[in-house]
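Asks: Sharing a structure with you now.
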Amino acid sequence: MSAITPPTLATTATTGISTDTSRLKSKDNLDKAGQKFEAVFTGMMLKSMRQAKLADPIFDSKAIDTFTDMQDGLIAKSMAEHTPLGIGKAMTDFLSKSQSDINPATTDSPP
């Protein structure tokens with residue numbers, strides 16, 4: 001029997017969602033989140049492309065569908081790491097603007 005742990009100070013009592021945002025202050029964590037977002041977005045795009053079947057496959061089974069889903073997940077992860085579309089970078093750039101400790105203030109004045 002597992003015990004339910006009471007909410008800590010870092011979580012809200014009603015939702016259980018953590019309110020501790022100290023891990024978000026790292027540029028590395030923000031970049032990893034952008035890369036994972038890119039992989040999820042690419043995976044959704046591949047899944048949508050697979051659903052738009054142009055012809056009936058020769059061999060069709062649940063096993064092939066499962067294998068194809070796993071393969072698409074790995075392809076999406078690889079694409080996000082090596083040849084990103086740019087949506088993850090756009091997201092991290094947008095989010096880093098609000099993080100003053102990640103984006104140090106520039107001393108250059110506009111021309």
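Residues in the structure tokens are named by chain (A, B, ... in the order shown) and by number from 1 within that chain; ligands are numbered from 1 in the order shown.
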Residues at most 12 Å from A:Met70, counting only C-alpha atoms, excluding those fewer than 5 positions away in the same chain, as number ranges by chain?

Replies: A: 43, 46-47, 63-65, 75-77

Asks: Which of these, A:Leu85, A:Ala33, A:Leu95, A:Ile17, has the shortest distance to A:Met45 once you count only C-alpha atoms?

Replies: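 Between A:Leu85, A:Ala33, A:Leu95, A:Ile17, the residue approaching A:Met45 most closely is A:Leu85.
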
Asks: Which polymer residues have any atom within 10 Å of an atom of A:Leu74, counting only C-alpha atoms, with same-chain residues fewer than 6 positions away left out, as a list of chain:residue names?

Replies: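 Skipping anything fewer than 6 positions along the chain leaves A:Ala39, A:Gly43, A:Thr68, A:Ala80.
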
Asks: Go ahead and write the residues just picked, C-alpha atoms, as an mmCIF file, in the first residue's frame.

Replies:
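Result went into out21.cif, see below:
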data_model
loop_
_atom_site.group_PDB
_atom_site.id
_atom_site.type_symbol
_atom_site.label_atom_id
_atom_site.label_comp_id
_atom_site.auth_asym_id
_atom_site.auth_seq_id
_atom_site.Cartn_x
_atom_site.Cartn_y
_atom_site.Cartn_z
ATOM 1 C CA ALA A 39 10.394 16.776 -30.825
ATOM 2 C CA GLY A 43 6.085 13.884 -33.745
ATOM 3 C CA THR A 68 5.585 2.854 -36.880
ATOM 4 C CA ALA A 80 14.811 17.930 -33.097
#

Asks: Check the DSSP output for the backbone and give back, as a PyMOL selection string, the residues of stretch 44-105 of chain A in alpha helix (DSSP H).

Replies: chain A and resi 44-51+62-82+87-96

Asks: Given the selection you just returned, output its residues as a file containing C-alpha atoms, formatted as a PDB file, in the first residue's frame.

Replies:
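Here's the written file selection_10.pdb:
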ATOM      1  CA  MET A  44       2.584  15.334 -34.000  1.00  0.00           C
ATOM      2  CA  MET A  45       3.336  16.447 -37.541  1.00  0.00           C
ATOM      3  CA  LEU A  46       4.583  12.970 -38.521  1.00  0.00           C
ATOM      4  CA  LYS A  47       1.549  11.333 -36.903  1.00  0.00           C
ATOM      5  CA  SER A  48      -0.765  13.651 -38.820  1.00  0.00           C
ATOM      6  CA  MET A  49       1.040  12.839 -42.049  1.00  0.00           C
ATOM      7  CA  ARG A  50       0.667   9.101 -41.368  1.00  0.00           C
ATOM      8  CA  GLN A  51      -3.066   9.494 -40.730  1.00  0.00           C
ATOM      9  CA  LYS A  62      -1.674  -3.248 -34.808  1.00  0.00           C
ATOM     10  CA  ALA A  63       1.934  -4.424 -34.439  1.00  0.00           C
ATOM     11  CA  ILE A  64       3.014  -2.499 -37.523  1.00  0.00           C
ATOM     12  CA  ASP A  65       1.114   0.559 -36.302  1.00  0.00           C
ATOM     13  CA  THR A  66       2.867   0.350 -32.920  1.00  0.00           C
ATOM     14  CA  PHE A  67       6.263  -0.084 -34.544  1.00  0.00           C
ATOM     15  CA  THR A  68       5.585   2.854 -36.880  1.00  0.00           C
ATOM     16  CA  ASP A  69       4.600   5.054 -33.925  1.00  0.00           C
ATOM     17  CA  MET A  70       7.808   4.120 -32.091  1.00  0.00           C
ATOM     18  CA  GLN A  71       9.867   4.754 -35.221  1.00  0.00           C
ATOM     19  CA  ASP A  72       8.216   8.138 -35.750  1.00  0.00           C
ATOM     20  CA  GLY A  73       8.999   9.073 -32.134  1.00  0.00           C
ATOM     21  CA  LEU A  74      12.683   8.313 -32.650  1.00  0.00           C
ATOM     22  CA  ILE A  75      12.729  10.162 -35.964  1.00  0.00           C
ATOM     23  CA  ALA A  76      11.086  13.198 -34.333  1.00  0.00           C
ATOM     24  CA  LYS A  77      13.645  13.170 -31.502  1.00  0.00           C
ATOM     25  CA  SER A  78      16.519  12.854 -33.959  1.00  0.00           C
ATOM     26  CA  MET A  79      15.146  15.652 -36.131  1.00  0.00           C
ATOM     27  CA  ALA A  80      14.811  17.930 -33.097  1.00  0.00           C
ATOM     28  CA  GLU A  81      18.427  17.256 -32.104  1.00  0.00           C
ATOM     29  CA  HIS A  82      20.115  17.430 -35.502  1.00  0.00           C
ATOM     30  CA  ILE A  87       9.850  26.178 -33.450  1.00  0.00           C
ATOM     31  CA  GLY A  88      11.690  25.095 -30.300  1.00  0.00           C
ATOM     32  CA  LYS A  89      14.259  27.872 -30.725  1.00  0.00           C
ATOM     33  CA  ALA A  90      11.501  30.414 -31.257  1.00  0.00           C
ATOM     34  CA  MET A  91       9.818  29.226 -28.058  1.00  0.00           C
ATOM     35  CA  THR A  92      13.023  29.399 -26.011  1.00  0.00           C
ATOM     36  CA  ASP A  93      13.859  32.846 -27.406  1.00  0.00           C
ATOM     37  CA  PHE A  94      10.399  34.098 -26.456  1.00  0.00           C
ATOM     38  CA  LEU A  95      10.551  32.615 -22.950  1.00  0.00           C
ATOM     39  CA  SER A  96      14.100  33.780 -22.281  1.00  0.00           C
TER      40      SER A  96
END

Asks: Work out how far apart atom CA of A:Glu38 and atom CA of A:Thr83 are and give it in Å to one decimal.

Replies: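 Between atom CA of A:Glu38 and atom CA of A:Thr83 the gap works out to 10.3 Å.
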